[in-house]
>>> print(open('start.txt').read())   # compact mmCIF, C-alpha atoms and all ligand atoms
# COMPACT_ATOMS: atom_id res chain seq x y z
CA MET A 1 -178.28 -84.52 -85.82
CA HIS A 2 -177.19 -82.02 -83.10
CA LYS A 3 -179.42 -80.66 -80.36
CA VAL A 4 -179.00 -77.37 -78.41
CA ILE A 5 -178.81 -78.03 -74.65
CA ASN A 6 -177.99 -76.01 -71.50
CA PRO A 7 -175.68 -78.22 -69.39
CA LYS A 8 -174.94 -77.01 -65.83
CA ILE A 9 -171.27 -77.89 -66.19
CA HIS A 10 -168.85 -78.25 -69.08
CA TYR A 11 -166.44 -80.81 -67.63
CA PHE A 12 -165.44 -82.44 -70.90
CA GLY A 13 -162.58 -84.44 -69.39
CA THR A 14 -159.46 -83.14 -67.64
CA PRO A 15 -156.76 -84.76 -65.48
CA VAL A 16 -157.18 -85.01 -61.72
CA VAL A 17 -154.47 -83.19 -59.73
CA LEU A 18 -153.79 -83.52 -56.00
CA ILE A 19 -152.48 -80.11 -54.93
CA SER A 20 -150.40 -79.99 -51.79
CA THR A 21 -149.89 -76.64 -50.05
CA ILE A 22 -148.86 -75.38 -46.60
CA ASN A 23 -151.43 -74.11 -44.08
CA GLU A 24 -151.00 -71.04 -41.82
CA ASP A 25 -149.78 -73.31 -38.97
CA GLY A 26 -147.16 -75.05 -41.15
CA THR A 27 -149.11 -78.32 -41.61
CA PRO A 28 -149.75 -79.63 -45.14
CA ASN A 29 -153.08 -79.49 -46.97
CA LEU A 30 -154.03 -81.74 -49.88
CA ALA A 31 -156.93 -81.19 -52.27
CA PRO A 32 -158.18 -82.88 -55.43
CA MET A 33 -158.98 -80.65 -58.39
CA SER A 34 -159.34 -81.22 -62.12
CA SER A 35 -159.60 -77.87 -63.93
CA ALA A 36 -155.98 -77.91 -65.02
CA TRP A 37 -154.02 -77.51 -68.24
CA TRP A 38 -150.36 -77.08 -69.15
CA LEU A 39 -148.49 -75.02 -71.74
CA ASN A 40 -144.67 -74.97 -71.92
CA GLN A 41 -143.44 -74.59 -68.34
CA SER A 42 -146.71 -73.07 -67.10
CA CYS A 43 -149.88 -74.56 -65.70
CA MET A 44 -153.28 -72.92 -65.23
CA LEU A 45 -155.46 -74.14 -62.36
CA GLY A 46 -159.15 -73.24 -62.05
CA MET A 47 -160.25 -73.16 -58.40
CA SER A 48 -162.64 -71.51 -55.98
CA SER A 49 -160.89 -68.85 -53.91
CA LYS A 50 -162.94 -70.14 -50.96
CA SER A 51 -160.75 -73.25 -50.87
CA GLN A 52 -157.93 -73.55 -48.35
CA THR A 53 -155.65 -74.43 -51.27
CA VAL A 54 -156.06 -71.04 -52.96
CA GLN A 55 -155.66 -69.19 -49.64
CA ASN A 56 -152.46 -71.16 -49.00
CA MET A 57 -151.14 -70.48 -52.50
CA ILE A 58 -151.76 -66.73 -52.19
CA ARG A 59 -149.95 -66.64 -48.83
CA GLU A 60 -147.06 -69.03 -49.57
CA GLY A 61 -146.75 -68.55 -53.36
CA GLU A 62 -146.09 -72.23 -54.02
CA CYS A 63 -147.53 -75.73 -54.25
CA VAL A 64 -146.93 -79.24 -55.59
CA LEU A 65 -149.13 -80.63 -58.38
CA ASN A 66 -149.23 -84.39 -57.74
CA LEU A 67 -150.70 -86.38 -60.63
CA PRO A 68 -152.44 -89.60 -59.56
CA SER A 69 -152.82 -92.61 -61.81
CA ILE A 70 -156.10 -94.54 -61.91
CA ASP A 71 -155.16 -96.90 -59.06
CA LEU A 72 -155.42 -93.92 -56.65
CA ILE A 73 -159.16 -93.35 -57.22
CA PRO A 74 -160.00 -94.69 -53.69
CA ALA A 75 -157.57 -92.17 -52.12
CA VAL A 76 -159.06 -89.29 -54.14
CA ASP A 77 -162.52 -90.48 -53.11
CA ARG A 78 -161.56 -90.28 -49.43
CA LEU A 79 -160.64 -86.58 -49.93
CA THR A 80 -163.93 -85.73 -51.61
CA LEU A 81 -166.20 -83.30 -49.70
CA LEU A 82 -163.36 -82.37 -47.32
CA THR A 83 -161.79 -78.96 -46.87
CA GLY A 84 -158.79 -77.73 -44.92
CA ARG A 85 -160.69 -74.48 -44.29
CA ASN A 86 -162.03 -73.94 -40.74
CA PRO A 87 -164.78 -72.86 -40.38
CA VAL A 88 -166.19 -74.47 -43.54
CA PRO A 89 -167.60 -71.75 -45.86
CA GLU A 90 -171.42 -71.76 -45.80
CA SER A 91 -171.70 -72.57 -49.52
CA LYS A 92 -169.63 -75.74 -48.94
CA ALA A 93 -171.19 -76.74 -45.61
CA SER A 94 -174.61 -76.78 -47.30
CA ARG A 95 -173.21 -79.26 -49.86
CA GLY A 96 -171.97 -81.59 -47.10
CA TYR A 97 -168.31 -80.51 -46.91
CA LYS A 98 -166.50 -81.18 -43.59
CA PHE A 99 -163.29 -79.70 -42.16
CA GLU A 100 -160.33 -82.08 -42.12
CA ALA A 101 -156.91 -81.08 -40.75
CA ASN A 102 -155.14 -84.33 -41.65
CA LYS A 103 -155.85 -84.85 -45.37
CA PHE A 104 -152.75 -87.01 -45.98
CA GLY A 105 -153.76 -89.31 -43.11
CA VAL A 106 -157.40 -89.60 -44.18
CA ALA A 107 -156.40 -90.36 -47.78
CA GLY A 108 -153.78 -92.90 -46.65
CA LEU A 109 -151.09 -91.06 -48.64
CA THR A 110 -147.45 -90.47 -47.70
CA GLN A 111 -145.60 -87.15 -47.54
CA VAL A 112 -142.19 -86.82 -49.20
CA GLN A 113 -140.04 -83.71 -48.90
CA SER A 114 -139.94 -81.46 -51.96
CA HIS A 115 -136.73 -79.98 -53.41
CA VAL A 116 -137.62 -76.31 -54.02
CA VAL A 117 -140.95 -75.68 -52.22
CA GLN A 118 -142.10 -76.26 -48.63
CA ALA A 119 -145.26 -78.25 -49.54
CA PRO A 120 -144.66 -82.01 -49.48
CA ARG A 121 -145.03 -84.32 -52.47
CA VAL A 122 -147.38 -87.34 -52.50
CA LYS A 123 -145.21 -90.47 -52.66
CA GLU A 124 -147.92 -92.67 -54.22
CA CYS A 125 -148.43 -90.31 -57.22
CA PRO A 126 -146.18 -91.16 -60.21
CA VAL A 127 -145.69 -87.48 -61.14
CA HIS A 128 -144.85 -84.51 -58.86
CA LEU A 129 -144.57 -80.96 -60.21
CA GLU A 130 -143.16 -78.44 -57.76
CA ALA A 131 -144.55 -75.06 -58.77
CA ARG A 132 -144.54 -71.36 -57.89
CA LEU A 133 -147.42 -68.90 -58.18
CA VAL A 134 -147.08 -66.42 -61.04
CA LYS A 135 -150.43 -64.63 -61.15
CA LEU A 136 -154.07 -64.91 -60.14
CA HIS A 137 -156.61 -64.23 -62.91
CA PRO A 138 -160.14 -63.63 -61.56
CA PHE A 139 -162.96 -64.99 -63.73
CA GLU A 140 -165.15 -62.42 -65.47
CA GLU A 141 -168.33 -64.26 -64.48
CA PRO A 142 -169.55 -63.33 -60.98
CA SER A 143 -168.14 -66.11 -58.79
CA SER A 144 -165.34 -66.93 -56.38
CA LEU A 145 -163.45 -68.70 -59.19
CA VAL A 146 -159.88 -67.81 -60.05
CA ALA A 147 -157.46 -69.12 -62.66
CA ILE A 148 -154.12 -69.60 -60.95
CA GLU A 149 -151.06 -69.39 -63.18
CA VAL A 150 -148.10 -71.33 -61.82
CA ARG A 151 -144.61 -72.02 -63.17
CA ILE A 152 -143.28 -75.57 -62.96
CA GLU A 153 -139.93 -75.47 -61.13
CA LYS A 154 -139.06 -79.15 -60.62
CA VAL A 155 -140.44 -82.34 -62.16
CA HIS A 156 -140.24 -85.74 -60.43
CA ILE A 157 -141.38 -88.83 -62.30
CA GLU A 158 -141.46 -92.55 -61.54
CA ASP A 159 -138.58 -93.85 -63.66
CA ASP A 160 -140.54 -96.70 -65.26
CA LEU A 161 -142.68 -94.07 -67.05
CA LEU A 162 -139.68 -92.76 -69.00
CA MET A 163 -138.93 -93.70 -72.62
CA ASP A 164 -135.52 -94.83 -71.43
CA PRO A 165 -133.89 -94.44 -68.01
CA LYS A 166 -131.64 -91.52 -69.12
CA SER A 167 -134.20 -89.56 -71.13
CA ASN A 168 -136.28 -86.50 -70.27
CA TYR A 169 -139.20 -87.95 -72.21
CA ILE A 170 -142.26 -89.47 -70.62
CA ASP A 171 -143.65 -92.43 -72.53
CA PRO A 172 -147.34 -91.63 -73.10
CA SER A 173 -148.11 -95.31 -73.59
CA LYS A 174 -146.98 -95.95 -69.99
CA TRP A 175 -148.63 -92.95 -68.27
CA ASN A 176 -152.29 -93.47 -67.45
CA PRO A 177 -153.68 -90.25 -65.93
CA MET A 178 -156.86 -90.18 -63.88
CA ILE A 179 -159.44 -88.22 -65.85
CA MET A 180 -162.52 -86.48 -64.46
CA ASN A 181 -165.17 -86.69 -67.13
CA PHE A 182 -168.42 -84.95 -66.13
CA CYS A 183 -167.77 -85.69 -62.41
CA GLU A 184 -166.99 -89.38 -63.04
CA TYR A 185 -163.58 -91.07 -63.02
CA PHE A 186 -162.03 -92.45 -66.21
CA GLY A 187 -158.59 -93.53 -67.43
CA LEU A 188 -157.32 -93.18 -71.01
CA SER A 189 -157.81 -95.72 -73.77
CA GLU A 190 -154.73 -97.07 -75.55
CA GLN A 191 -153.12 -95.00 -78.33
CA LEU A 192 -155.33 -94.82 -81.42
CA SER A 193 -152.95 -93.31 -83.96
CA ALA A 194 -149.71 -91.34 -84.27
CA SER A 195 -149.81 -87.51 -84.28
CA LYS A 196 -147.70 -85.21 -86.46
CA LEU A 197 -147.89 -82.35 -83.91
CA ALA A 198 -144.54 -82.81 -82.20
CA PRO A 199 -142.77 -86.11 -82.76
CA VAL A 200 -140.10 -86.68 -80.12
CA PHE A 201 -137.35 -87.87 -82.50
CA GLY A 202 -136.53 -87.39 -86.22
CA PRO A 203 -136.89 -84.38 -88.58
CA GLY A 204 -139.06 -81.58 -87.14
CA SER A 205 -138.97 -83.30 -83.76
CA VAL A 206 -139.02 -81.81 -80.27
CA GLU A 207 -135.46 -83.13 -79.83
CA ASN A 208 -134.19 -81.15 -82.88
CA MET A 209 -136.19 -78.02 -81.98
CA ASN A 210 -134.43 -77.93 -78.60
CA LYS A 211 -131.01 -77.96 -80.33
CA LYS A 212 -131.76 -74.73 -82.27
C1 LIG A 301 -162.00 -85.19 -58.56
C2 LIG A 301 -162.25 -83.82 -58.04
C3 LIG A 301 -162.04 -82.73 -58.84
C4 LIG A 301 -162.24 -81.43 -58.36
N1 LIG A 301 -161.99 -80.37 -59.17
C5 LIG A 301 -162.04 -79.11 -58.66
C6 LIG A 301 -161.65 -77.99 -59.46
O1 LIG A 301 -161.22 -78.15 -60.60
N2 LIG A 301 -161.71 -76.76 -58.90
C7 LIG A 301 -162.16 -76.56 -57.62
O2 LIG A 301 -162.19 -75.41 -57.15
N3 LIG A 301 -162.54 -77.61 -56.85
C8 LIG A 301 -162.49 -78.87 -57.34
N4 LIG A 301 -162.85 -79.93 -56.54
C9 LIG A 301 -163.36 -79.66 -55.20
C10 LIG A 301 -162.23 -79.39 -54.18
O3 LIG A 301 -161.53 -80.60 -53.93
C11 LIG A 301 -162.84 -78.83 -52.92
O4 LIG A 301 -163.18 -77.48 -53.15
C12 LIG A 301 -161.98 -78.94 -51.68
O5 LIG A 301 -162.73 -78.54 -50.58
C13 LIG A 301 -160.71 -78.14 -51.74
O6 LIG A 301 -160.00 -78.42 -50.57
P1 LIG A 301 -159.38 -77.26 -49.69
O7 LIG A 301 -160.51 -76.33 -49.29
O8 LIG A 301 -158.77 -77.96 -48.51
O9 LIG A 301 -158.40 -76.57 -50.55
C14 LIG A 301 -162.69 -81.23 -57.02
C15 LIG A 301 -162.92 -82.34 -56.21
C16 LIG A 301 -162.71 -83.63 -56.71
C17 LIG A 301 -162.96 -84.81 -55.81
>>> encode(input="start.txt", output="structure tokens")
Amino acid sequence: MHKVINPKIHYFGTPVVLISTINEDGTPNLAPMSSAWWLNQSCMLGMSSKSQTVQNMIREGECVLNLPSIDLIPAVDRLTLLTGRNPVPESKASRGYKFEANKFGVAGLTQVQSHVVQAPRVKECPVHLEARLVKLHPFEEPSSLVAIEVRIEKVHIEDDLLMDPKSNYIDPSKWNPMIMNFCEYFGLSEQLSASKLAPVFGPGSVENMNKK
């Protein structure tokens, strides 16, 4: 039996991303977000253009997408209801947001230099994706929301998440992303079954496709 409902949000479960960018004064900003998906070498990020992150990305044209695992929930929690924007936009101030210049310090996270962008990576995150802005796509619905298309330029990964130390393949059974599911934090369950979509090795595999 299905019922028709009118939910206020449709957050059916997406990974949490900590986006690092560079502010006007050269200091780093760090913001949690979770409206993100990837296709090939591109990523689409859904964010409010009132955020400091979007302003920084428009100005600098780059960012790092740091992917936290579930053990970093307390750090993400410490960044919640903070903005690097000063003054705080009225719509955020009324929801309890406060300005914070030192997001890395407040979160207890460590900056590491990136290879191809100015924004620092977050040492404690197992995955860092250095990325460049491709295009901003405004939402059709009246809002400050934009979909930000970025191209992944450099991928850093904790080596114990790889299938083997020399491979370019991440072992999905070892990577446990932090998932925002209707504004609550979840991890993933263990693998339930194999998928025929894109096996890594063997006939019809990603490995063989790349050789063509
Ligand atoms: C777990 C989590 C997920 C979030 N997801 C989004 C999101 O997908 N898009 C968005 O615009 N804001 C999202 N936010 C809110 C931003 O973190 C918030 O707007 C913040 O002020 C942005 O920081 P900035 O202004 O310094 O860029 C999320 C916050 C948390 C804690």
>>> residues_around(input="start.txt", residues="A:Asn176", least_positions_apart="2", cutoff="7 Å", atoms="all atoms listed in the file", output="list of chain:residue names")
A:Ser69, A:Ile70, A:Lys174, A:Met178, A:Gly187, A:Leu188
>>> residues_near_ligand(input="start.txt", ligand="ligand LIG 301 (chain A)", cutoff="6 Å", atoms="only C-alpha atoms and all ligand atoms", output="list in words")
Val16, Ala31, Pro32, Met33, Ser34, Ser35, Gly46, Met47, Ser48, Ser51, Gln52, Thr53, Thr80, Leu81, Leu82, Thr83, Gly84 and Arg85 of chain A
>>> atom_distance(input="start.txt", atom1="atom CA of A:Leu45", atom2="atom CA of A:Ala147")
5.4 Å
>>> atom_distance(input="start.txt", atom1="atom CA of A:Ser143", atom2="atom CA of A:Lys98")
21.5 Å
>>> residues_near_point(input="start.txt", point="(-166.4, -77.7, -45.0)", cutoff="6 Å", atoms="all atoms listed in the file", output="MDAnalysis selection string")
chainID A and resid 83 88 92:93 97:99
>>> atom_distance(input="start.txt", atom1="atom CA of A:Pro165", atom2="atom CA of A:Ile152")
21.7 Å
>>> residues_around(input="start.txt", residues="A:Asp159", least_positions_apart="5", cutoff="12 Å", atoms="only C-alpha atoms", output="list in words")
Pro126, Val127, Asp164, Pro165, Lys166, Ser167, Asn168, Tyr169, Ile170, Asp171, Lys174 and Trp175 of chain A
>>> residues_around(input="start.txt", residues="A:Lys50", least_positions_apart="4", cutoff="8 Å", atoms="all atoms listed in the file", output="ChimeraX atom specification")
/A:54-55,89,144
>>> residues_near_point(input="start.txt", point="(-140.3, -70.8, -48.7)", cutoff="10 Å", atoms="all atoms listed in the file", output="list in words")
Ile22, Glu60, Gly61, Glu62, Val116, Val117, Gln118 and Ala119 of chain A
>>> closest_residue(input="start.txt", among="A:Val64, A:Leu136, A:Met163, A:Ile9", to="A:Cys183", atoms="only C-alpha atoms")
A:Ile9
>>> closest_residue(input="start.txt", among="A:His10, A:Lys196, A:Lys154, A:Arg132", to="A:Arg59", atoms="only C-alpha atoms")
A:Arg132
>>> closest_residue(input="start.txt", among="A:Glu90, A:Glu130, A:Asp77, A:Asp71", to="A:Ser20", atoms="only C-alpha atoms")
A:Glu130
>>> closest_residue(input="start.txt", among="A:Leu161, A:Leu18, A:Val106, A:Ile148", to="A:Lys123", atoms="only C-alpha atoms")
A:Leu18
>>> closest_residue(input="start.txt", among="A:His128, A:His115, A:Lys103, A:His2", to="A:Pro68", atoms="only C-alpha atoms")
A:His128
>>> closest_residue(input="start.txt", among="A:Phe186, A:Trp38, A:Phe139, A:Phe201", to="A:Arg151", atoms="all atoms listed in the file")
A:Trp38
>>> residues_around(input="start.txt", residues="A:Leu39", least_positions_apart="2", cutoff="12 Å", atoms="all atoms listed in the file", output="PyMOL selection string")
chain A and resi 36-37+41-45+149-152
